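Enquirer: Here's a structure for you.
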Amino acid sequence: MSSNYDDVRQNLISMLEELDERLTTITNDVRHSDEEIEKDWEEQATQNEDNEVQDFLGNSARVEIAAIKQAISRIDSGDYDVCQTCGGAINPERLKAVPFSAQCIKCASLAEKE
């Protein structure tokens with residue numbers, strides 16, 4: 001592991017821990033582990049809408065967790081600043097902005113257009 005990225009690695013681990021806590025909270029909220037499901041149909045509809053939002057947030061957290069784990073793995077293997085698409089260098093400013101970026105800005109822009 002490169003010592004150049006020790007601080008980044010620690011920051012990613014902190015982000016991962018925070019996301020894991022958030023995901024646990026979301027999962028408990030969706031499962032209604034601390035409250036009963038309403039008997040009233042309108043209230044159930046509201047709960048279902050809330051569950052859909054929570055589910056979306058949970059899925060987003062899972063995607064971000066996977067990206068962070070991959071970034072930590074790339075730091076450990078020495079490939080952290082290498083674009084996973086073209087093999088070119090990822091700009092350090094991009095990695096500062098999004099520390100779990102796996103692509104250079106050019107490849108990321110092309111992927112968004114597809």
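Just so we're on the same page: first chain in the structure tokens is A, next is B, and so on; residues restart at 1 for each chain, and ligands are numbered from 1 in the order they show up.
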Do you know which residues are at most 12 Å from Pro99 in chain A counting only C-alpha atoms, after dropping those on the same chain fewer than 2 positions away, and could you put them as a PyMOL selection string?
Expert: chain A and resi 5+7-13+15-16+64+67-72+74-75+80-81+90-97+101-104
Enquirer: Could the residues in this selection be written to a file with C-alpha atoms, as a PDB file, in the first residue's frame?
Expert:
```pdb
ATOM      1  CA  TYR A   5      -2.836   7.378   0.228  1.00  0.00           C
ATOM      2  CA  ASP A   7      -4.985   9.422   4.827  1.00  0.00           C
ATOM      3  CA  VAL A   8      -7.331   8.784   1.901  1.00  0.00           C
ATOM      4  CA  ARG A   9      -7.669   5.144   2.926  1.00  0.00           C
ATOM      5  CA  GLN A  10      -8.526   6.137   6.493  1.00  0.00           C
ATOM      6  CA  ASN A  11     -11.060   8.683   5.204  1.00  0.00           C
ATOM      7  CA  LEU A  12     -12.666   5.982   3.032  1.00  0.00           C
ATOM      8  CA  ILE A  13     -12.880   3.639   6.012  1.00  0.00           C
ATOM      9  CA  MET A  15     -17.033   6.966   5.144  1.00  0.00           C
ATOM     10  CA  LEU A  16     -17.711   3.230   5.029  1.00  0.00           C
ATOM     11  CA  GLU A  64     -21.571   3.787  -2.523  1.00  0.00           C
ATOM     12  CA  ALA A  67     -17.477   1.756  -4.615  1.00  0.00           C
ATOM     13  CA  ILE A  68     -15.662   2.648  -1.393  1.00  0.00           C
ATOM     14  CA  LYS A  69     -14.628  -0.964  -0.796  1.00  0.00           C
ATOM     15  CA  GLN A  70     -13.294  -1.117  -4.355  1.00  0.00           C
ATOM     16  CA  ALA A  71     -11.361   2.130  -3.812  1.00  0.00           C
ATOM     17  CA  ILE A  72      -9.774   0.731  -0.643  1.00  0.00           C
ATOM     18  CA  ARG A  74      -7.281  -0.269  -5.335  1.00  0.00           C
ATOM     19  CA  ILE A  75      -5.236   1.647  -2.742  1.00  0.00           C
ATOM     20  CA  TYR A  80      -5.960   3.746  -6.777  1.00  0.00           C
ATOM     21  CA  ASP A  81      -5.192   6.548  -9.232  1.00  0.00           C
ATOM     22  CA  ILE A  90      -7.155   9.798 -12.558  1.00  0.00           C
ATOM     23  CA  ASN A  91      -6.576  13.471 -11.807  1.00  0.00           C
ATOM     24  CA  PRO A  92      -5.708  13.999  -8.118  1.00  0.00           C
ATOM     25  CA  GLU A  93      -8.296  16.787  -7.929  1.00  0.00           C
ATOM     26  CA  ARG A  94     -10.991  14.344  -9.032  1.00  0.00           C
ATOM     27  CA  LEU A  95      -9.899  11.892  -6.344  1.00  0.00           C
ATOM     28  CA  LYS A  96     -10.056  14.687  -3.765  1.00  0.00           C
ATOM     29  CA  ALA A  97     -13.603  15.532  -4.843  1.00  0.00           C
ATOM     30  CA  SER A 101     -13.778   7.448  -8.252  1.00  0.00           C
ATOM     31  CA  ALA A 102     -12.813   4.498 -10.416  1.00  0.00           C
ATOM     32  CA  GLN A 103     -12.665   6.433 -13.680  1.00  0.00           C
ATOM     33  CA  CYS A 104     -10.933   9.484 -15.048  1.00  0.00           C
TER      34      CYS A 104
END
```
Enquirer: Taking only C-alpha atoms into account, which of A:Ile26, A:Leu19, A:Ile65, A:Val82 comes nearest Asp50 in chain A?
Expert: A:Ile26
Enquirer: What is the CA of Gly78 in chain A-CA of Lys106 in chain A distance in Å, reported with one decimal?
Expert: 21.3 Å
Enquirer: One decimal, in Å: what's the spacing between CA of Glu52 in chain A and CA of Glu17 in chain A?
Expert: 23.6 Å
Enquirer: Step one, run DSSP on the backbone; step two, keep only residues of range 20-89 of chain A assigned to alpha helix (DSSP H); then write them as a PyMOL selection string.
Expert: chain A and resi 20-31+41-77
Enquirer: How many Å lie between CA of Cys86 in chain A and CA of Ala61 in chain A, rounded to one decimal?
Expert: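 Taking CA of Cys86 in chain A as the start and CA of Ala61 in chain A as the end point, the length is 26.4 Å.
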Enquirer: Restricting the calculation to only C-alpha atoms, which member of A:Lys113, A:Ser14, A:Cys107, A:Arg62 is positioned closest to Gly87 in chain A?
Expert: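 Looking only at the distances to Gly87 in chain A, the closest residue turns out to be A:Cys107.
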